[in-house]
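Dumped protein.pdb below, it's PDB, C-alpha atoms:
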ATOM      1  CA  MET A 176      81.538  85.614 189.350
ATOM      2  CA  LYS A 177      81.700  85.014 185.614
ATOM      3  CA  TYR A 178      84.731  84.398 183.446
ATOM      4  CA  LEU A 179      84.961  85.256 179.758
ATOM      5  CA  ILE A 180      87.741  83.238 178.184
ATOM      6  CA  ILE A 181      88.904  84.545 174.823
ATOM      7  CA  VAL A 182      90.865  81.767 173.149
ATOM      8  CA  ASP A 183      93.799  82.552 170.847
ATOM      9  CA  MET A 184      92.465  85.677 169.147
ATOM     10  CA  GLN A 185      95.968  86.369 167.903
ATOM     11  CA  ASN A 186      97.038  87.979 164.659
ATOM     12  CA  ASP A 187      98.356  84.725 163.182
ATOM     13  CA  PHE A 188      94.927  83.078 163.627
ATOM     14  CA  VAL A 189      92.936  86.041 162.330
ATOM     15  CA  THR A 190      94.845  87.697 159.481
ATOM     16  CA  GLY A 191      98.105  85.735 159.508
ATOM     17  CA  PRO A 192      99.169  82.397 158.036
ATOM     18  CA  LEU A 193      96.369  80.468 159.795
ATOM     19  CA  GLY A 194      93.743  83.202 159.499
ATOM     20  CA  THR A 195      90.306  82.691 157.990
ATOM     21  CA  LEU A 196      87.477  84.936 156.872
ATOM     22  CA  GLU A 197      85.404  83.435 159.691
ATOM     23  CA  ALA A 198      88.017  84.489 162.254
ATOM     24  CA  VAL A 199      88.054  88.028 160.875
ATOM     25  CA  ALA A 200      84.244  88.089 161.078
ATOM     26  CA  ILE A 201      84.126  87.351 164.817
ATOM     27  CA  VAL A 202      86.544  90.066 165.963
ATOM     28  CA  ASP A 203      83.901  92.806 166.158
ATOM     29  CA  LYS A 204      81.411  90.446 167.848
ATOM     30  CA  ILE A 205      83.930  89.630 170.565
ATOM     31  CA  LYS A 206      84.774  93.326 170.920
ATOM     32  CA  GLU A 207      81.050  94.092 171.424
ATOM     33  CA  LYS A 208      80.884  91.390 174.098
ATOM     34  CA  ILE A 209      83.878  92.926 175.895
ATOM     35  CA  GLU A 210      82.359  96.408 175.702
ATOM     36  CA  LYS A 211      79.082  95.179 177.231
ATOM     37  CA  ILE A 212      80.900  93.938 180.315
ATOM     38  CA  GLU A 213      83.730  96.464 180.405
ATOM     39  CA  LYS A 214      82.936  97.927 183.811
ATOM     40  CA  ASP A 215      81.406  94.918 185.520
ATOM     41  CA  PRO A 216      83.824  93.859 188.281
ATOM     42  CA  SER A 217      82.063  90.501 188.605
ATOM     43  CA  VAL A 218      83.315  89.448 185.145
ATOM     44  CA  LYS A 219      86.933  88.483 184.662
ATOM     45  CA  ILE A 220      88.379  88.319 181.147
ATOM     46  CA  ILE A 221      91.123  85.846 180.364
ATOM     47  CA  PHE A 222      92.891  85.793 177.000
ATOM     48  CA  THR A 223      94.793  82.668 176.048
ATOM     49  CA  ARG A 224      97.723  82.965 173.686
ATOM     50  CA  ASP A 225      98.999  80.042 171.676
ATOM     51  CA  THR A 226     102.730  80.283 172.299
ATOM     52  CA  HIS A 227     105.511  78.675 170.308
ATOM     53  CA  TYR A 228     109.216  79.280 169.923
ATOM     54  CA  ARG A 229     111.704  79.346 167.074
ATOM     55  CA  ASN A 230     112.046  75.543 167.235
ATOM     56  CA  TYR A 231     108.332  75.115 166.402
ATOM     57  CA  LEU A 232     108.940  73.283 163.112
ATOM     58  CA  HIS A 233     110.913  70.646 165.042
ATOM     59  CA  THR A 234     108.133  69.915 167.539
ATOM     60  CA  LEU A 235     105.516  67.221 167.057
ATOM     61  CA  GLU A 236     102.874  69.859 166.336
ATOM     62  CA  GLY A 237     105.237  71.599 163.896
ATOM     63  CA  LEU A 238     105.886  68.353 162.070
ATOM     64  CA  ARG A 239     102.127  67.815 161.651
ATOM     65  CA  LEU A 240     101.265  71.474 160.962
ATOM     66  CA  PRO A 241     104.417  72.887 159.349
ATOM     67  CA  ILE A 242     103.285  76.515 159.391
ATOM     68  CA  GLU A 243     105.154  78.745 161.813
ATOM     69  CA  HIS A 244     102.683  80.706 163.906
ATOM     70  CA  CYS A 245     102.348  82.459 167.250
ATOM     71  CA  ILE A 246     106.082  82.604 167.822
ATOM     72  CA  PHE A 247     106.650  84.218 171.226
ATOM     73  CA  GLU A 248     106.847  88.015 171.132
ATOM     74  CA  THR A 249     106.357  88.330 167.358
ATOM     75  CA  PRO A 250     103.519  90.459 165.922
ATOM     76  CA  GLY A 251     101.622  87.271 164.997
ATOM     77  CA  TRP A 252     101.672  86.115 168.627
ATOM     78  CA  CYS A 253      99.939  89.292 169.828
ATOM     79  CA  VAL A 254      96.222  89.478 170.515
ATOM     80  CA  VAL A 255      94.352  91.426 167.817
ATOM     81  CA  ASP A 256      94.725  95.144 168.596
ATOM     82  CA  SER A 257      91.019  96.002 168.744
ATOM     83  CA  LEU A 258      90.344  93.278 171.346
ATOM     84  CA  ARG A 259      93.340  94.168 173.451
ATOM     85  CA  GLU A 260      92.370  97.846 173.325
ATOM     86  CA  ALA A 261      88.753  97.066 174.249
ATOM     87  CA  THR A 262      89.926  95.583 177.545
ATOM     88  CA  TYR A 263      91.768  98.730 178.625
ATOM     89  CA  LYS A 264      88.511  99.915 180.183
ATOM     90  CA  THR A 265      87.759  96.680 181.997
ATOM     91  CA  TYR A 266      88.463  96.078 185.623
ATOM     92  CA  SER A 267      90.077  92.744 185.111
ATOM     93  CA  SER A 268      91.735  91.073 182.175
ATOM     94  CA  LYS A 269      94.603  88.648 182.128
ATOM     95  CA  TYR A 270      96.756  86.878 179.539
ATOM     96  CA  ILE A 271      97.761  83.227 179.721
ATOM     97  CA  ASN A 272     100.427  81.763 177.448
ATOM     98  CA  LYS A 273      99.689  78.140 176.656
ATOM     99  CA  TYR A 274     102.060  75.771 174.960
ATOM    100  CA  THR A 275      99.529  73.219 173.809
ATOM    101  CA  PHE A 276      95.952  73.307 172.548
ATOM    102  CA  GLY A 277      94.417  73.562 176.004
ATOM    103  CA  ASN A 278      95.597  75.278 179.158
ATOM    104  CA  LEU A 279      96.385  72.634 181.762
ATOM    105  CA  ASN A 280      96.451  75.025 184.719
ATOM    106  CA  TRP A 281      92.948  76.483 184.933
ATOM    107  CA  GLU A 282      92.871  75.882 188.702
ATOM    108  CA  GLN A 283      95.448  78.665 189.065
ATOM    109  CA  GLU A 284      93.175  81.120 187.229
ATOM    110  CA  ILE A 285      89.603  80.204 188.102
ATOM    111  CA  HIS A 286      88.481  79.751 191.663
ATOM    112  CA  ASP A 287      85.277  77.778 192.133
ATOM    113  CA  ASN A 288      83.966  79.773 195.088
ATOM    114  CA  GLY A 289      81.120  81.818 193.657
ATOM    115  CA  THR A 290      81.792  81.149 189.981
ATOM    116  CA  VAL A 291      78.482  80.779 188.196
ATOM    117  CA  GLU A 292      79.552  80.625 184.572
ATOM    118  CA  ILE A 293      82.523  80.315 182.286
ATOM    119  CA  GLU A 294      81.922  81.587 178.756
ATOM    120  CA  ILE A 295      84.325  80.718 175.953
ATOM    121  CA  VAL A 296      84.827  82.440 172.591
ATOM    122  CA  GLY A 297      87.643  82.478 170.033
ATOM    123  CA  VAL A 298      89.546  80.253 167.619
ATOM    124  CA  CYS A 299      89.861  77.558 166.487
ATOM    125  CA  THR A 300      86.594  75.957 167.576
ATOM    126  CA  ASP A 301      87.785  72.496 166.565
ATOM    127  CA  ILE A 302      91.213  72.701 168.192
ATOM    128  CA  CYS A 303      91.855  75.125 171.040
ATOM    129  CA  VAL A 304      88.297  76.172 171.908
ATOM    130  CA  ILE A 305      87.125  72.568 172.276
ATOM    131  CA  SER A 306      90.314  71.560 174.134
ATOM    132  CA  ASN A 307      89.894  74.318 176.711
ATOM    133  CA  ALA A 308      86.140  73.749 177.009
ATOM    134  CA  LEU A 309      86.609  70.048 177.753
ATOM    135  CA  ILE A 310      89.437  70.672 180.229
ATOM    136  CA  LEU A 311      87.302  73.276 182.001
ATOM    137  CA  LYS A 312      84.273  70.956 182.065
ATOM    138  CA  ALA A 313      86.356  68.154 183.555
ATOM    139  CA  THR A 314      87.916  70.511 186.099
ATOM    140  CA  TYR A 315      84.665  72.248 187.069
ATOM    141  CA  PRO A 316      81.818  69.787 186.415
ATOM    142  CA  GLU A 317      79.267  71.831 188.415
ATOM    143  CA  ILE A 318      79.966  75.191 186.774
ATOM    144  CA  LEU A 319      78.003  76.163 183.672
ATOM    145  CA  ILE A 320      80.384  76.185 180.699
ATOM    146  CA  THR A 321      79.007  78.118 177.713
ATOM    147  CA  VAL A 322      80.420  78.535 174.222
ATOM    148  CA  ASP A 323      79.084  81.422 172.135
ATOM    149  CA  ALA A 324      79.106  79.883 168.656
ATOM    150  CA  SER A 325      78.667  83.283 166.993
ATOM    151  CA  CYS A 326      81.973  84.387 168.521
ATOM    152  CA  CYS A 327      83.957  81.307 167.480
ATOM    153  CA  ALA A 328      85.545  80.227 164.220
ATOM    154  CA  GLY A 329      86.915  76.837 163.270
ATOM    155  CA  THR A 330      89.568  75.767 160.813
ATOM    156  CA  THR A 331      86.625  75.308 158.424
ATOM    157  CA  PRO A 332      82.889  75.923 158.871
ATOM    158  CA  GLU A 333      82.350  72.150 158.851
ATOM    159  CA  MET A 334      84.912  71.530 161.591
ATOM    160  CA  HIS A 335      83.431  74.409 163.596
ATOM    161  CA  GLN A 336      80.035  72.669 163.527
ATOM    162  CA  LYS A 337      81.475  69.266 164.410
ATOM    163  CA  ALA A 338      83.260  70.750 167.423
ATOM    164  CA  LEU A 339      80.062  72.455 168.598
ATOM    165  CA  ASP A 340      78.256  69.104 168.348
ATOM    166  CA  VAL A 341      80.934  67.329 170.397
ATOM    167  CA  MET A 342      80.943  70.031 173.081
ATOM    168  CA  ARG A 343      77.134  69.909 173.296
ATOM    169  CA  SER A 344      77.308  66.144 173.814
ATOM    170  CA  CYS A 345      79.671  66.788 176.751
ATOM    171  CA  GLN A 346      77.093  69.051 178.420
ATOM    172  CA  ILE A 347      78.712  72.299 177.391
ATOM    173  CA  GLU A 348      76.004  74.805 176.562
ATOM    174  CA  ILE A 349      76.192  76.169 173.018
ATOM    175  CA  VAL A 350      74.512  79.563 172.491
ATOM    176  CA  ASN A 351      73.951  81.797 169.452
ATOM    177  CA  GLU A 352      74.566  78.938 167.066
ATOM    178  CA  ASN A 353      72.416  80.252 164.227
ATOM    179  CA  ILE A 354      73.427  83.896 164.351
TER     180      ILE A 354
END

Produce structure tokens that represent the structure in this file.
Amino acid sequence: MKYLIIVDMQNDFVTGPLGTLEAVAIVDKIKEKIEKIEKDPSVKIIFTRDTHYRNYLHTLEGLRLPIEHCIFETPGWCVVDSLREATYKTYSSKYINKYTFGNLNWEQEIHDNGTVEIEIVGVCTDICVISNALILKATYPEILITVDASCCAGTTPEMHQKALDVMRSCQIEIVNENI
């Protein structure tokens, strides 16, 4: 069993208030990855969605990053259309709303029996991708955790690279770094 975890590929992080050109550039690469596995029942796709509420600006995160984003059930909270549509043909995809940088309940989603790899793609490499990768590595130390660098984007290219370096030092395999 393999899991493909697509982190926070939501409108607000791609074309919205926290979007970047790098995030726009990875959408088609992630879509291609989904299409390659679309009918393989041994691969499960999990989308995470950063999820905030109208009180966001009054939370600790909102005070430190005072840009409203990913407000529950707004267009910015939704996964980018082309990625969501690409999964219509897959056997298994799921959405997880997370209220912090990393999902703290991976044990409810990923079952260790027979899992051979967890692959992670998405945004932002230096915030939510790294948070989820490290939580997954701590939760499943004997499962191969891979991050496809060509399908990730950071808050800046420099922060993207720093996050890849940190994940590599924590024995997370980084692939396609120079693509």

Item to check | Answer key for the PyMOL selection byres ((chain A and resi 345) around 12), residues as a PyMOL selection string | outcome: chain A and resi 305-306+308-313+316+319-321+338-344+346-349

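The residues returned by the PyMOL selection byres ((chain A and resi 184) around 10) for this structure are Ile181, Val182, Asp183, Gln185, Asn186, Asp187, Phe188, Val189, Ala198, Val199, Ile201, Val202, Ile205, Phe222, Thr223, Arg224, Asp225, Trp252, Cys253, Val254, Val255, Asp256, Leu258, Arg259, Val296, Gly297, Val298, Cys299 and Cys327 of chain A.
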
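Between atom CA of A:Asn288 and atom CA of A:Asn272 the interatomic distance comes to 24.2 Å.
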
Next on the checklist: I need the output of the PyMOL selection byres ((chain A and resi 227-236) around 7) for this file as a list in words; which residues are they?
Outcome noted: Asp225, Thr226, Gly237, Leu238, Arg239, Leu240, Pro241, Glu243, Cys245, Ile246, Phe247 and Tyr274 of chain A

Item to check | Length of the atom CA of A:Gln283 to atom CA of A:Val350 vector [Å] | outcome: 26.7 Å

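Between atom CA of A:Gly289 and atom CA of A:Asn307 lies a distance of 20.5 Å.
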
Item to check | Neighbours of point (85.1, 91.7, 181.5) within 8 Å, using all atoms listed in the file, written as a ChimeraX atom specification | outcome: /A:178-179,209-210,212-220,262,265-268

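Considering the residues A:Glu352, A:Ile295, A:Gly191, A:Thr330 and counting only C-alpha atoms, A:Ile242 has its shortest atom-to-atom contact with A:Gly191.
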